[in-house]
Amino acid sequence: MAKYVELCTKAKMPILGLGTWKSPPGKVADAVKKAIDVGYRHFDCAYVYQNEDEVGNGIQAKIKAGVVKREDLFVVSKLWCTFHEKRLVKGACKATLSALKLEYLDLYLIHWPVGFKAGDDLFPSDDKGMIIPSNTSILDTWEAMEELVDAGLVKAIGVSNFNHEQLEKILNKPGLKHKPANNQIECHPYLTQEKLINYCQSKGITVTAYSPLGSPDRPWAKPEDPSLLDDPKIKEIAAKHNKTAAQVLIRFHIQRNVIVIPKSVTPARIEENFKVFDFELTKQEMETILGFNRNWRVCALSTCINHKDYPFKAEY
């Protein structure tokens, strides 16, 4: 299996990366250093995770030590929803670059299609707890993203949590300069996303799967929620290959040519999650896992359900 997926820009994106959502300050720099030692070269970051400074410290430490060069790494970050106004995009990108201590990003994504009211509050909400939207348009934000490529701040641009209609809007935009290279979406056996993945791949847009393990540490987990890592059928497949459930869940994406970004700050798991290139799931096992779909989302962003650009009302 290839360890890279080629973007429409011809850049090679490592198919396995380290996720950093919910990685606590005080632990994430060490997690990044451990990951680099293990062989990870792709790091998935975002402004809203509020830990880019430490991720940058981890990366810098390994560059200074001569373990890796900047050009060996593939660093991704995301434009937060409060910065969708055209005039705010470049500043937001520069803030991320400065926190990460980098000159450029390999890939910069619009984190969600929904714009929020600009300001210091990352989740501006009304008295009912619903998000206060901005009246920005995806297409205007995209033009500002294109300017980042032209300015050399980012090598490629893409989106996250966009449905196929929203992608179609960008692809059909008059005067499009740079097409989306990637769509990062929630994906795991309970949300298999076949239609959206087929659509993206047919348009030359790569797909990255976030929460591939079902995000067991999400702050809003309920006791009755399904647990992927404890699913007996996944454990059974894992036992056959002498692997863990997590390794099977990661391998599942790799075999669909989907980039995958499991998050961990635990050294043993960071290492375990990388040992997925020495076995292969059978066609039958892949079909079995695809059969677990129940359209169950970890990240439904329900506080935005009334937003004009809320992505999850469309079928895909």
# chains A, B, ... in the order shown; residues from 1 in each chain; ligands from 1
call {"tool": "residues_around", "arguments": {"residues": "Gln50 of chain A", "least_positions_apart": "5", "cutoff": "12 Å", "atoms": "only C-alpha atoms", "output": "list of chain:residue names"}}
result
A:Thr20, A:Trp21, A:Lys22, A:Ser23, A:Pro24, A:Pro25, A:Val28, A:Cys45, A:Val55, A:Gly56, A:Ser77, A:Lys78, A:Trp80, A:Ala95, A:Thr96, A:Ala99, A:Leu100, A:Leu122
call {"tool": "residues_around", "arguments": {"residues": "segment 167-174 of chain A", "least_positions_apart": "3", "cutoff": "8 Å", "atoms": "only C-alpha atoms", "output": "number ranges by chain"}}
result
A: 138-139, 142, 162-164, 179-180
call {"tool": "closest_residue", "arguments": {"among": "A:His307, A:Val32, A:Val159, A:Lys283", "to": "Ser134 of chain A", "atoms": "only C-alpha atoms"}}
result
A:His307
call {"tool": "residues_around", "arguments": {"residues": "Ile131 of chain A", "least_positions_apart": "2", "cutoff": "8 Å", "atoms": "only C-alpha atoms", "output": "list of chain:residue names"}}
result
A:Phe116, A:Phe123, A:Pro124, A:Ser125, A:Asp126, A:Gly129, A:Pro133, A:Thr303, A:Cys304
call {"tool": "select_by_dssp", "arguments": {"residues": "segment 45-183 of chain A", "states": "strand (DSSP E or B)", "output": "list in words"}}
result
Phe74, Val75, Val76, Ser77, Lys78, Leu79, Leu105, Leu107, Tyr108, Leu109, Ile110, Phe116, Ser125, Ile131, Pro133, Val154, Ile157, Gly158, Val159, Ser160, Asn182 and Asn183 of chain A
call {"tool": "closest_residue", "arguments": {"among": "A:Lys27, A:Lys155, A:Lys33, A:Arg251", "to": "Asn51 of chain A", "atoms": "only C-alpha atoms"}}
result
A:Lys27
call {"tool": "closest_residue", "arguments": {"among": "A:Ile234, A:Pro14, A:Glu71, A:Lys128", "to": "Tyr40 of chain A", "atoms": "only C-alpha atoms"}}
result
A:Pro14
call {"tool": "closest_residue", "arguments": {"among": "A:Thr206, A:Ser215, A:Gln284, A:Thr266", "to": "Met13 of chain A", "atoms": "only C-alpha atoms"}}
result
A:Thr206
call {"tool": "residues_around", "arguments": {"residues": "Gln247 of chain A", "least_positions_apart": "5", "cutoff": "8 Å", "atoms": "only C-alpha atoms", "output": "list of chain:residue names"}}
result
A:Ala238, A:Glu272, A:Asn273, A:Lys275, A:Val276
call {"tool": "closest_residue", "arguments": {"among": "A:Ala246, A:Ile237, A:Leu18, A:Leu196", "to": "Glu315 of chain A", "atoms": "only C-alpha atoms"}}
result
A:Leu196
call {"tool": "decode", "arguments": {"residues": "segment 230-274 of chain A", "atoms": "C-alpha atoms", "output": "PDB file, in the first residue's frame"}}
result
ATOM      1  CA  ASP A 230     -15.255  -1.975  22.012  1.00  0.00           C
ATOM      2  CA  ASP A 231     -17.274  -3.254  19.048  1.00  0.00           C
ATOM      3  CA  PRO A 232     -17.084  -7.080  19.263  1.00  0.00           C
ATOM      4  CA  LYS A 233     -17.074  -7.498  15.461  1.00  0.00           C
ATOM      5  CA  ILE A 234     -14.136  -5.110  15.079  1.00  0.00           C
ATOM      6  CA  LYS A 235     -12.311  -6.850  17.914  1.00  0.00           C
ATOM      7  CA  GLU A 236     -12.913 -10.196  16.186  1.00  0.00           C
ATOM      8  CA  ILE A 237     -11.365  -8.943  12.925  1.00  0.00           C
ATOM      9  CA  ALA A 238      -8.456  -7.473  14.922  1.00  0.00           C
ATOM     10  CA  ALA A 239      -7.798 -10.774  16.704  1.00  0.00           C
ATOM     11  CA  LYS A 240      -7.584 -12.583  13.341  1.00  0.00           C
ATOM     12  CA  HIS A 241      -4.750 -10.281  12.275  1.00  0.00           C
ATOM     13  CA  ASN A 242      -3.125 -10.173  15.700  1.00  0.00           C
ATOM     14  CA  LYS A 243      -3.783  -6.418  15.751  1.00  0.00           C
ATOM     15  CA  THR A 244      -5.755  -4.041  17.993  1.00  0.00           C
ATOM     16  CA  ALA A 245      -9.211  -2.621  17.251  1.00  0.00           C
ATOM     17  CA  ALA A 246      -7.600   0.822  16.744  1.00  0.00           C
ATOM     18  CA  GLN A 247      -5.210  -0.592  14.140  1.00  0.00           C
ATOM     19  CA  VAL A 248      -8.111  -2.159  12.224  1.00  0.00           C
ATOM     20  CA  LEU A 249     -10.065   1.121  12.355  1.00  0.00           C
ATOM     21  CA  ILE A 250      -7.060   3.001  10.943  1.00  0.00           C
ATOM     22  CA  ARG A 251      -6.277   0.379   8.302  1.00  0.00           C
ATOM     23  CA  PHE A 252      -9.911   0.505   7.106  1.00  0.00           C
ATOM     24  CA  HIS A 253      -9.339   4.075   5.807  1.00  0.00           C
ATOM     25  CA  ILE A 254      -5.934   3.407   4.306  1.00  0.00           C
ATOM     26  CA  GLN A 255      -7.428   0.671   2.114  1.00  0.00           C
ATOM     27  CA  ARG A 256     -10.010   3.137   0.793  1.00  0.00           C
ATOM     28  CA  ASN A 257      -7.181   5.535  -0.100  1.00  0.00           C
ATOM     29  CA  VAL A 258      -8.513   7.848   2.600  1.00  0.00           C
ATOM     30  CA  ILE A 259      -5.992   9.799   4.689  1.00  0.00           C
ATOM     31  CA  VAL A 260      -6.457   9.162   8.400  1.00  0.00           C
ATOM     32  CA  ILE A 261      -5.432  11.192  11.467  1.00  0.00           C
ATOM     33  CA  PRO A 262      -5.832   9.302  14.764  1.00  0.00           C
ATOM     34  CA  LYS A 263      -5.137  11.461  17.804  1.00  0.00           C
ATOM     35  CA  SER A 264      -3.190  10.297  20.824  1.00  0.00           C
ATOM     36  CA  VAL A 265      -0.834  11.771  23.407  1.00  0.00           C
ATOM     37  CA  THR A 266       0.028   8.342  24.837  1.00  0.00           C
ATOM     38  CA  PRO A 267       3.475   7.234  23.572  1.00  0.00           C
ATOM     39  CA  ALA A 268       2.540   3.529  23.289  1.00  0.00           C
ATOM     40  CA  ARG A 269      -0.613   4.317  21.304  1.00  0.00           C
ATOM     41  CA  ILE A 270       1.119   6.821  19.053  1.00  0.00           C
ATOM     42  CA  GLU A 271       3.462   3.964  18.156  1.00  0.00           C
ATOM     43  CA  GLU A 272       0.695   1.338  17.896  1.00  0.00           C
ATOM     44  CA  ASN A 273      -1.396   3.548  15.595  1.00  0.00           C
ATOM     45  CA  PHE A 274       1.517   3.753  13.145  1.00  0.00           C
TER      46      PHE A 274
END
